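Student: Structure file structure29.csv, CSV, C-alpha atoms, is pasted below:
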```
chain,number,residue,atom,x,y,z
A,1,MET,CA,111.0,98.0,70.6
A,2,SER,CA,109.3,98.2,67.2
A,3,ALA,CA,108.8,95.1,65.0
A,4,THR,CA,111.3,94.5,62.2
A,5,ILE,CA,111.2,92.5,59.0
A,6,PRO,CA,114.3,90.6,58.0
A,7,THR,CA,115.8,91.9,54.7
A,8,LEU,CA,118.1,89.7,52.7
A,9,SER,CA,120.0,89.8,49.4
A,10,ASN,CA,119.2,87.5,46.5
A,11,LYS,CA,122.8,86.2,47.1
A,12,ASP,CA,122.1,85.0,50.6
A,13,SER,CA,121.8,81.2,51.0
A,14,LEU,CA,118.6,79.2,50.9
A,15,GLU,CA,119.2,78.3,54.5
A,16,ALA,CA,119.5,81.9,55.6
A,17,LYS,CA,116.3,82.9,53.8
A,18,ALA,CA,114.3,79.9,55.1
A,19,SER,CA,115.5,80.5,58.7
A,20,ALA,CA,114.6,84.2,58.5
A,21,LEU,CA,111.1,83.4,57.1
A,22,GLN,CA,110.5,80.7,59.7
A,23,GLN,CA,111.4,82.9,62.6
A,24,ALA,CA,109.7,86.1,61.6
A,25,GLY,CA,106.9,84.7,59.4
A,26,CYS,CA,107.9,87.3,56.8
A,27,MET,CA,111.0,88.6,54.9
A,28,VAL,CA,112.1,90.9,52.1
A,29,ILE,CA,114.6,89.8,49.4
A,30,GLN,CA,116.0,92.7,47.4
A,31,ASP,CA,117.0,92.8,43.7
A,32,VAL,CA,114.9,90.0,42.4
A,33,ALA,CA,112.9,91.5,39.5
A,34,ASP,CA,114.8,93.7,37.1
A,35,THR,CA,113.6,96.9,35.5
A,36,THR,CA,112.8,95.2,32.2
A,37,GLN,CA,110.6,92.6,33.9
A,38,ARG,CA,108.7,95.3,35.8
A,39,ASN,CA,108.2,97.5,32.8
A,40,ASN,CA,107.0,94.5,30.7
A,41,LEU,CA,104.5,93.5,33.4
A,42,VAL,CA,103.1,97.1,33.7
A,43,ALA,CA,102.7,97.2,29.9
A,44,GLU,CA,101.0,93.8,29.7
A,45,LEU,CA,98.5,94.8,32.4
A,46,GLN,CA,98.0,98.5,31.5
A,47,THR,CA,94.7,98.1,29.7
A,48,HIS,CA,93.3,95.9,32.4
A,49,MET,CA,94.4,98.3,35.1
A,50,ASP,CA,92.9,101.2,33.2
A,51,ASN,CA,89.6,99.4,33.0
A,52,ALA,CA,89.6,98.3,36.7
A,53,LYS,CA,86.8,99.8,38.7
A,54,VAL,CA,88.1,102.1,41.4
A,55,ARG,CA,85.7,102.8,44.2
A,56,VAL,CA,85.9,106.4,45.5
A,57,ASP,CA,83.0,106.1,48.0
A,58,ASP,CA,84.9,103.7,50.2
A,59,ASP,CA,83.0,101.7,52.8
A,60,PRO,CA,85.2,101.2,55.9
A,61,ASP,CA,83.5,97.9,56.6
A,62,GLU,CA,84.5,96.4,53.2
A,63,PHE,CA,87.4,94.0,53.2
A,64,TYR,CA,89.0,95.6,50.1
A,65,PRO,CA,89.7,99.3,50.5
A,66,GLY,CA,88.6,101.8,47.8
A,67,LEU,CA,90.9,104.0,45.8
A,68,THR,CA,92.7,100.9,44.5
A,69,GLN,CA,93.0,99.3,41.1
A,70,ARG,CA,92.8,95.5,41.4
A,71,VAL,CA,93.2,93.0,38.5
A,72,SER,CA,93.3,89.2,38.9
A,73,GLY,CA,93.6,86.4,36.3
A,74,LEU,CA,97.2,87.3,35.8
A,75,VAL,CA,98.2,83.9,34.3
A,76,THR,CA,96.1,84.7,31.3
A,77,ARG,CA,96.9,88.4,31.2
A,78,SER,CA,100.7,88.6,31.7
A,79,GLU,CA,103.5,86.5,30.2
A,80,THR,CA,105.8,88.1,32.8
A,81,VAL,CA,103.7,86.8,35.6
A,82,ARG,CA,103.9,83.3,34.1
A,83,ALA,CA,107.7,83.5,34.5
A,84,LEU,CA,107.6,85.2,38.0
A,85,MET,CA,105.2,82.5,39.4
A,86,LEU,CA,108.0,80.0,38.7
A,87,HIS,CA,110.9,82.2,39.9
A,88,LYS,CA,113.4,80.2,41.9
A,89,GLU,CA,113.2,82.6,44.8
A,90,ALA,CA,109.5,81.8,45.2
A,91,THR,CA,109.6,78.0,44.4
A,92,SER,CA,112.6,77.4,46.7
A,93,MET,CA,110.6,78.8,49.6
A,94,CYS,CA,107.5,76.8,48.5
A,95,ASP,CA,109.6,73.7,48.4
A,96,HIS,CA,110.8,74.3,51.9
A,97,PHE,CA,107.6,75.3,53.6
A,98,LEU,CA,104.8,73.6,51.6
A,99,LEU,CA,106.2,70.3,50.3
A,100,PRO,CA,106.4,68.8,53.8
A,101,ASN,CA,102.6,69.1,54.0
A,102,SER,CA,101.9,68.4,50.3
A,103,GLU,CA,104.0,65.6,48.9
A,104,PHE,CA,102.7,65.9,45.4
A,105,GLY,CA,103.3,69.6,45.0
A,106,TYR,CA,101.7,73.0,45.5
A,107,GLN,CA,99.8,75.4,43.3
A,108,LEU,CA,99.1,79.0,42.6
A,109,HIS,CA,96.5,80.2,45.1
A,110,VAL,CA,95.9,83.8,44.1
A,111,SER,CA,97.3,86.1,41.4
A,112,ALA,CA,96.5,89.8,41.6
A,113,ALA,CA,98.0,93.2,40.7
A,114,LEU,CA,97.2,95.9,43.3
A,115,ASN,CA,97.8,99.6,42.6
A,116,ILE,CA,97.0,101.5,45.8
A,117,GLY,CA,96.1,105.1,45.2
A,118,PRO,CA,96.5,108.3,47.3
A,119,GLY,CA,94.0,108.4,50.1
A,120,ALA,CA,93.4,104.7,50.3
A,121,ARG,CA,92.8,103.5,53.9
A,122,ALA,CA,94.6,100.6,55.5
A,123,GLN,CA,93.2,97.1,55.1
A,124,VAL,CA,92.0,95.1,58.1
A,125,LEU,CA,94.8,92.7,59.3
A,126,HIS,CA,94.1,89.1,58.3
A,127,ARG,CA,95.8,85.8,57.5
A,128,GLU,CA,95.9,84.2,54.1
A,129,GLU,CA,94.8,80.9,55.8
A,130,ASP,CA,91.6,82.3,57.3
A,131,SER,CA,89.5,80.3,54.9
A,132,PHE,CA,90.8,77.0,56.4
A,133,THR,CA,89.0,77.2,59.7
A,134,TYR,CA,89.1,73.4,60.2
A,135,PHE,CA,92.7,73.8,61.5
A,136,ALA,CA,93.2,75.5,64.9
A,137,GLU,CA,95.6,78.5,65.0
A,138,PRO,CA,98.5,78.4,64.8
A,139,ARG,CA,97.9,76.3,61.7
A,140,PRO,CA,100.3,74.1,59.8
A,141,ASN,CA,101.8,75.8,56.7
A,142,ILE,CA,99.0,75.8,54.1
A,143,ILE,CA,99.9,79.0,52.1
A,144,LEU,CA,103.0,80.9,51.3
A,145,ALA,CA,102.5,84.4,50.0
A,146,THR,CA,104.7,86.7,47.9
A,147,MET,CA,104.4,90.3,46.9
A,148,TRP,CA,106.5,91.6,44.0
A,149,ALA,CA,107.3,95.3,44.4
A,150,ILE,CA,106.7,96.9,41.0
A,151,SER,CA,107.2,100.3,42.5
A,152,ASP,CA,108.9,101.4,45.7
A,153,PHE,CA,107.0,100.4,48.8
A,154,ARG,CA,107.1,103.0,51.5
A,155,ALA,CA,105.2,103.4,54.8
A,156,ASP,CA,103.5,106.5,53.5
A,157,ASN,CA,102.4,105.1,50.1
A,158,GLY,CA,100.7,101.9,51.3
A,159,ALA,CA,103.4,99.4,51.9
A,160,THR,CA,102.0,96.1,53.2
A,161,LEU,CA,101.4,96.1,56.9
A,162,VAL,CA,102.7,93.0,58.7
A,163,VAL,CA,103.0,91.6,62.2
A,164,PRO,CA,106.3,89.6,62.4
A,165,GLY,CA,106.0,86.5,64.6
A,166,SER,CA,102.2,86.4,64.4
A,167,HIS,CA,102.3,83.1,62.5
A,168,THR,CA,102.9,81.4,65.9
A,169,TRP,CA,100.1,83.1,67.8
A,170,PRO,CA,96.9,81.6,69.1
A,171,ALA,CA,93.6,82.8,67.6
A,172,ASP,CA,92.9,85.2,70.5
A,173,ARG,CA,96.2,87.1,70.4
A,174,THR,CA,95.9,90.6,68.9
A,175,PRO,CA,98.8,92.8,68.0
A,176,GLU,CA,99.9,95.9,69.8
A,177,PRO,CA,100.6,99.0,67.7
A,178,ASP,CA,104.4,98.6,68.0
A,179,GLU,CA,104.1,95.0,66.7
A,180,ILE,CA,102.8,96.2,63.3
A,181,THR,CA,105.3,97.4,60.8
A,182,SER,CA,105.4,98.3,57.1
A,183,ALA,CA,107.1,96.1,54.5
A,184,GLU,CA,109.2,98.9,53.0
A,185,MET,CA,111.3,97.9,50.0
A,186,PRO,CA,112.7,99.2,46.7
A,187,ALA,CA,111.1,98.3,43.4
A,188,GLY,CA,112.3,94.9,42.3
A,189,SER,CA,112.1,93.4,45.8
A,190,LEU,CA,110.1,90.3,46.7
A,191,PHE,CA,108.2,90.2,50.0
A,192,PHE,CA,107.3,86.8,51.6
A,193,TRP,CA,105.0,86.0,54.4
A,194,LEU,CA,103.6,82.7,55.7
A,195,GLY,CA,99.9,82.1,55.5
A,196,GLY,CA,99.5,82.4,59.2
A,197,THR,CA,101.1,85.8,59.4
A,198,LEU,CA,98.8,88.8,60.1
A,199,HIS,CA,99.1,91.4,57.3
A,200,GLY,CA,97.1,93.9,55.2
A,201,GLY,CA,97.5,96.7,52.7
A,202,GLY,CA,98.8,99.9,54.2
A,203,ALA,CA,97.2,103.3,54.1
A,204,ASN,CA,98.4,105.6,51.3
A,205,THR,CA,98.9,109.1,52.7
A,206,SER,CA,101.2,110.1,49.8
A,207,SER,CA,100.6,111.5,46.3
A,208,ASP,CA,102.0,108.3,44.7
A,209,TRP,CA,100.4,105.1,43.6
A,210,ARG,CA,101.9,101.9,45.1
A,211,TYR,CA,102.0,99.0,42.6
A,212,GLY,CA,102.5,95.4,43.6
A,213,VAL,CA,101.7,91.9,42.3
A,214,ILE,CA,100.6,89.3,44.8
A,215,LEU,CA,101.2,85.6,44.0
A,216,THR,CA,100.3,83.2,46.7
A,217,TYR,CA,100.8,79.4,46.7
A,218,SER,CA,98.9,76.7,48.5
A,219,LEU,CA,99.1,73.0,49.2
A,220,GLY,CA,98.1,70.9,46.2
A,221,TRP,CA,95.2,69.3,48.0
A,222,VAL,CA,93.3,72.4,49.0
A,223,ARG,CA,90.9,74.5,46.9
A,224,GLN,CA,92.5,77.5,45.4
A,225,GLU,CA,91.2,80.9,46.3
A,226,GLU,CA,91.3,82.1,42.7
A,227,ASN,CA,89.5,79.8,40.3
A,228,GLN,CA,92.2,79.2,37.7
A,229,TYR,CA,90.0,76.8,35.8
A,230,LEU,CA,87.8,79.7,34.9
A,231,ASN,CA,90.4,82.4,34.7
A,232,VAL,CA,92.6,80.5,32.3
A,233,PRO,CA,90.7,79.8,29.1
A,234,LYS,CA,91.4,76.8,27.0
A,235,HIS,CA,93.2,78.7,24.2
A,236,VAL,CA,95.6,80.2,26.8
A,237,LEU,CA,96.0,76.9,28.7
A,238,ASP,CA,97.2,75.3,25.4
A,239,THR,CA,100.1,77.8,25.2
A,240,LEU,CA,101.4,77.1,28.8
A,241,THR,CA,104.4,75.0,29.5
A,242,SER,CA,104.0,71.8,31.5
A,243,GLU,CA,105.6,73.6,34.5
A,244,GLN,CA,103.2,76.6,34.2
A,245,LYS,CA,100.2,74.2,34.0
A,246,ARG,CA,101.4,72.4,37.0
A,247,ILE,CA,102.0,75.5,39.2
A,248,ALA,CA,98.6,76.9,38.1
A,249,GLY,CA,97.0,73.8,39.5
A,250,PHE,CA,96.0,71.9,36.3
A,251,ASP,CA,97.8,68.6,37.3
A,252,MET,CA,96.0,66.0,39.3
A,253,TYR,CA,96.9,65.6,43.0
A,254,ARG,CA,96.6,61.9,43.7
A,255,ALA,CA,92.9,61.3,42.6
A,256,LEU,CA,92.0,65.0,42.9
A,257,GLY,CA,91.3,67.0,39.7
A,258,PHE,CA,90.7,64.3,37.1
A,259,TYR,CA,88.8,65.2,33.9
A,260,ASP,CA,87.7,63.7,30.6
A,261,PRO,CA,89.8,65.1,27.8
A,262,ARG,CA,87.1,64.1,25.2
A,263,ILE,CA,85.0,67.0,26.6
A,264,LYS,CA,85.8,70.2,24.8
```
Show me, as C-alpha cells, the structure contained in the file I just sent.
Tutor:
Amino acid sequence: MSATIPTLSNKDSLEAKASALQQAGCMVIQDVADTTQRNNLVAELQTHMDNAKVRVDDDPDEFYPGLTQRVSGLVTRSETVRALMLHKEATSMCDHFLLPNSEFGYQLHVSAALNIGPGARAQVLHREEDSFTYFAEPRPNIILATMWAISDFRADNGATLVVPGSHTWPADRTPEPDEITSAEMPAGSLFFWLGGTLHGGGANTSSDWRYGVILTYSLGWVRQEENQYLNVPKHVLDTLTSEQKRIAGFDMYRALGFYDPRIK
C-alpha cells in the first residue's frame, strides 16, 4: 500500500490537525493563502528571483539540485512573508509541537523561496533536524516546517517528496520506494512536516516551474539555520512589529541573545 499524506481543510479543528500531523509527521491544509497574497508575494520577490543564480551544470552530489531559483532573507524582502510567518495555521501547530520543549517560545529557523525548474532532479531525502546530532533519533520535536504552495504542487513538477511516519524511525531505518510520496496540493495550500520527517524536493519532469515558500520554526534556545541577525538589517528591523521581531528571533530566550542597545 502506498504512503499517503493527510489532507485537511482550514475549517477542521486544531485537534484534528495536530492529531494528523502527530501520526503521519506531515499534512496538507488546503485554502490557506488566497490569490492576492500569492500574487503579492511573487511580485515582492520577482527581482530577487530574476537575479538568483540558476546552476545548469548540476552536480548530483550537491545537496541543492540545479535548475532551481532560491532566495532567502524573506523577512527583509517580502511584506507578505512577514504576515505568513505569523499565520494562525502555522503558529497554532508551533504552539502545539514546539512550546512543550521551549517554554519561552520559538523562532523562524529558515525562510526561502524555491522555484524548481523543468529538468531539476530530486533532492536527497533528509531531516530538518539533521544539524542537531546531539539527540539520538527519533529526536524530540526541535523544528516544525511549512511549505506554502504558491503554484500547484504536482508529482511531475517537483512536489516535495516525503516519507510519512519516518519521524518515529531510528537512524538506521531507510524508506522503501512505496513509503515515499509526493506532497501534491493546489496553490494556496500549506504543507507541514515535523523536523524528524524525511523529505526532499521532488524531480521536475514537466515543463512548468514549481514555486513554494518554505518557513521553518525552531525551539527558541537553538541556533537558527538562517542567520536572521545578518539577513534583517537595522533599518528593516526598526519597521517590524513586536510580534514579527519575536518570531524572527530578536527577543531574548532567558539569558540567551542579550545585546547592548548603545552599540549602533
Student: Using all atoms listed in the file, pick whichever of A:Asp50, A:Glu44, A:Glu176, A:Asp156 has the shortest atom-to-atom distance to A:Gln69.
Tutor: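 With all atoms listed in the file as the atom set, the closest residue is A:Asp50.
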Student: Taking all atoms listed in the file into account, name the residue in A:Gly188, A:Gly202, A:Pro170, A:Gly249 that is nearest to A:Ser218.
Tutor: A:Gly249
Student: Counting all atoms listed in the file, which of A:Leu219, A:Leu108, A:Ala43, A:Ile142 gets nearest to A:Leu86?
Tutor: A:Leu108
Student: Neighbouring residues of A:Asp58 were defined as those with any atom within 10 Å, considering only C-alpha atoms; residues of the same chain fewer than 4 positions away were excluded. Please report them as a list in words.
Tutor: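 Those residues are Val54, Glu62, Tyr64, Pro65, Gly66, Leu67, Ala120 and Arg121 of chain A.
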Student: Could you pull the residues within 12 Å of A:Asn39, counting all atoms listed in the file, minus those fewer than 3 positions along the same chain, as an mmCIF file with C-alpha atoms, in the frame of the given file?
Tutor:
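Below is the file that was written, selection_13.cif:
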```cif
data_model
loop_
_atom_site.group_PDB
_atom_site.id
_atom_site.type_symbol
_atom_site.label_atom_id
_atom_site.label_comp_id
_atom_site.auth_asym_id
_atom_site.auth_seq_id
_atom_site.Cartn_x
_atom_site.Cartn_y
_atom_site.Cartn_z
ATOM 1 C CA ALA A 33 112.900 91.500 39.500
ATOM 2 C CA ASP A 34 114.800 93.700 37.100
ATOM 3 C CA THR A 35 113.600 96.900 35.500
ATOM 4 C CA THR A 36 112.800 95.200 32.200
ATOM 5 C CA VAL A 42 103.100 97.100 33.700
ATOM 6 C CA ALA A 43 102.700 97.200 29.900
ATOM 7 C CA GLU A 44 101.000 93.800 29.700
ATOM 8 C CA LEU A 45 98.500 94.800 32.400
ATOM 9 C CA GLN A 46 98.000 98.500 31.500
ATOM 10 C CA SER A 78 100.700 88.600 31.700
ATOM 11 C CA THR A 80 105.800 88.100 32.800
ATOM 12 C CA VAL A 81 103.700 86.800 35.600
ATOM 13 C CA ALA A 149 107.300 95.300 44.400
ATOM 14 C CA ILE A 150 106.700 96.900 41.000
ATOM 15 C CA SER A 151 107.200 100.300 42.500
ATOM 16 C CA ALA A 187 111.100 98.300 43.400
ATOM 17 C CA GLY A 188 112.300 94.900 42.300
ATOM 18 C CA TYR A 211 102.000 99.000 42.600
#
```
Student: When you draw a straight line from atom CA of A:Ala255 to atom CA of A:Arg139, how long is it in Å?
Tutor: 24.8 Å
Student: Closest to A:Phe191 among A:Glu226, A:Gly212, A:Glu103, A:Val163, using all atoms listed in the file?
Tutor: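 Among A:Glu226, A:Gly212, A:Glu103, A:Val163, it is A:Gly212 that comes nearest to A:Phe191.
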Student: Could you give me, as a PDB file with C-alpha atoms, in the frame of the given file, the residues that have an atom at most 9 Å away from the point (96.8, 109.4, 52.8) in the coordinates of the file, using only C-alpha atoms?
Tutor:
```pdb
ATOM      1  CA  GLY A 117      96.100 105.100  45.200  1.00  0.00           C
ATOM      2  CA  PRO A 118      96.500 108.300  47.300  1.00  0.00           C
ATOM      3  CA  GLY A 119      94.000 108.400  50.100  1.00  0.00           C
ATOM      4  CA  ALA A 120      93.400 104.700  50.300  1.00  0.00           C
ATOM      5  CA  ARG A 121      92.800 103.500  53.900  1.00  0.00           C
ATOM      6  CA  ASP A 156     103.500 106.500  53.500  1.00  0.00           C
ATOM      7  CA  ASN A 157     102.400 105.100  50.100  1.00  0.00           C
ATOM      8  CA  GLY A 158     100.700 101.900  51.300  1.00  0.00           C
ATOM      9  CA  ALA A 203      97.200 103.300  54.100  1.00  0.00           C
ATOM     10  CA  ASN A 204      98.400 105.600  51.300  1.00  0.00           C
ATOM     11  CA  THR A 205      98.900 109.100  52.700  1.00  0.00           C
ATOM     12  CA  SER A 206     101.200 110.100  49.800  1.00  0.00           C
ATOM     13  CA  SER A 207     100.600 111.500  46.300  1.00  0.00           C
TER      14      SER A 207
END
```
Student: Quick one: distance from atom CA of A:Val213 to atom CA of A:Gln22 in Å, one decimal?
Tutor: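 Rounded to one decimal, the two atoms are 22.5 Å apart.
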Student: Neighbourhood query: residues within 10 Å of (91.9, 72.9, 30.2), file coordinates, counting only C-alpha atoms; return as a list in words.
Tutor: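 Here the neighbourhood of the point contains Gln228, Tyr229, Leu230, Val232, Pro233, Lys234, His235, Val236, Leu237, Asp238, Lys245, Phe250, Tyr259, Pro261, Ile263 and Lys264 of chain A.
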Student: Mind writing the picked residues with C-alpha atoms as a compact mmCIF listing (two decimals), keeping the file's coordinate frame?
Tutor:
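File written: selection_22.txt
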```txt
# COMPACT_ATOMS: atom_id res chain seq x y z
CA GLN A 228 92.20 79.20 37.70
CA TYR A 229 90.00 76.80 35.80
CA LEU A 230 87.80 79.70 34.90
CA VAL A 232 92.60 80.50 32.30
CA PRO A 233 90.70 79.80 29.10
CA LYS A 234 91.40 76.80 27.00
CA HIS A 235 93.20 78.70 24.20
CA VAL A 236 95.60 80.20 26.80
CA LEU A 237 96.00 76.90 28.70
CA ASP A 238 97.20 75.30 25.40
CA LYS A 245 100.20 74.20 34.00
CA PHE A 250 96.00 71.90 36.30
CA TYR A 259 88.80 65.20 33.90
CA PRO A 261 89.80 65.10 27.80
CA ILE A 263 85.00 67.00 26.60
CA LYS A 264 85.80 70.20 24.80
```
Student: Env of A:Gly196: 12 Å cut, atoms = all atoms listed in the file, seq-sep filter 3 positions within chain, self excluded. Answer as a PyMOL selection string.
Tutor: chain A and resi 21-22+24-26+125-133+135-145+162-171+192-193+199
Student: So what do you get for atom CA of A:Thr7 versus atom CA of A:Ser189, distance-wise?
Tutor: 9.8 Å
Student: When distances are computed from all atoms listed in the file, which of A:Leu190, A:Leu114, A:Ala83, A:Ala16 shows the smallest separation from A:Met147?
Tutor: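 Answer, going by the shortest atom-to-atom distance: A:Leu190.
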Student: Hey, which of A:Asp251, A:Glu184, A:Asp59, A:Glu79 ends up closest to A:Tyr106? Count all atoms listed in the file.
Tutor: A:Asp251
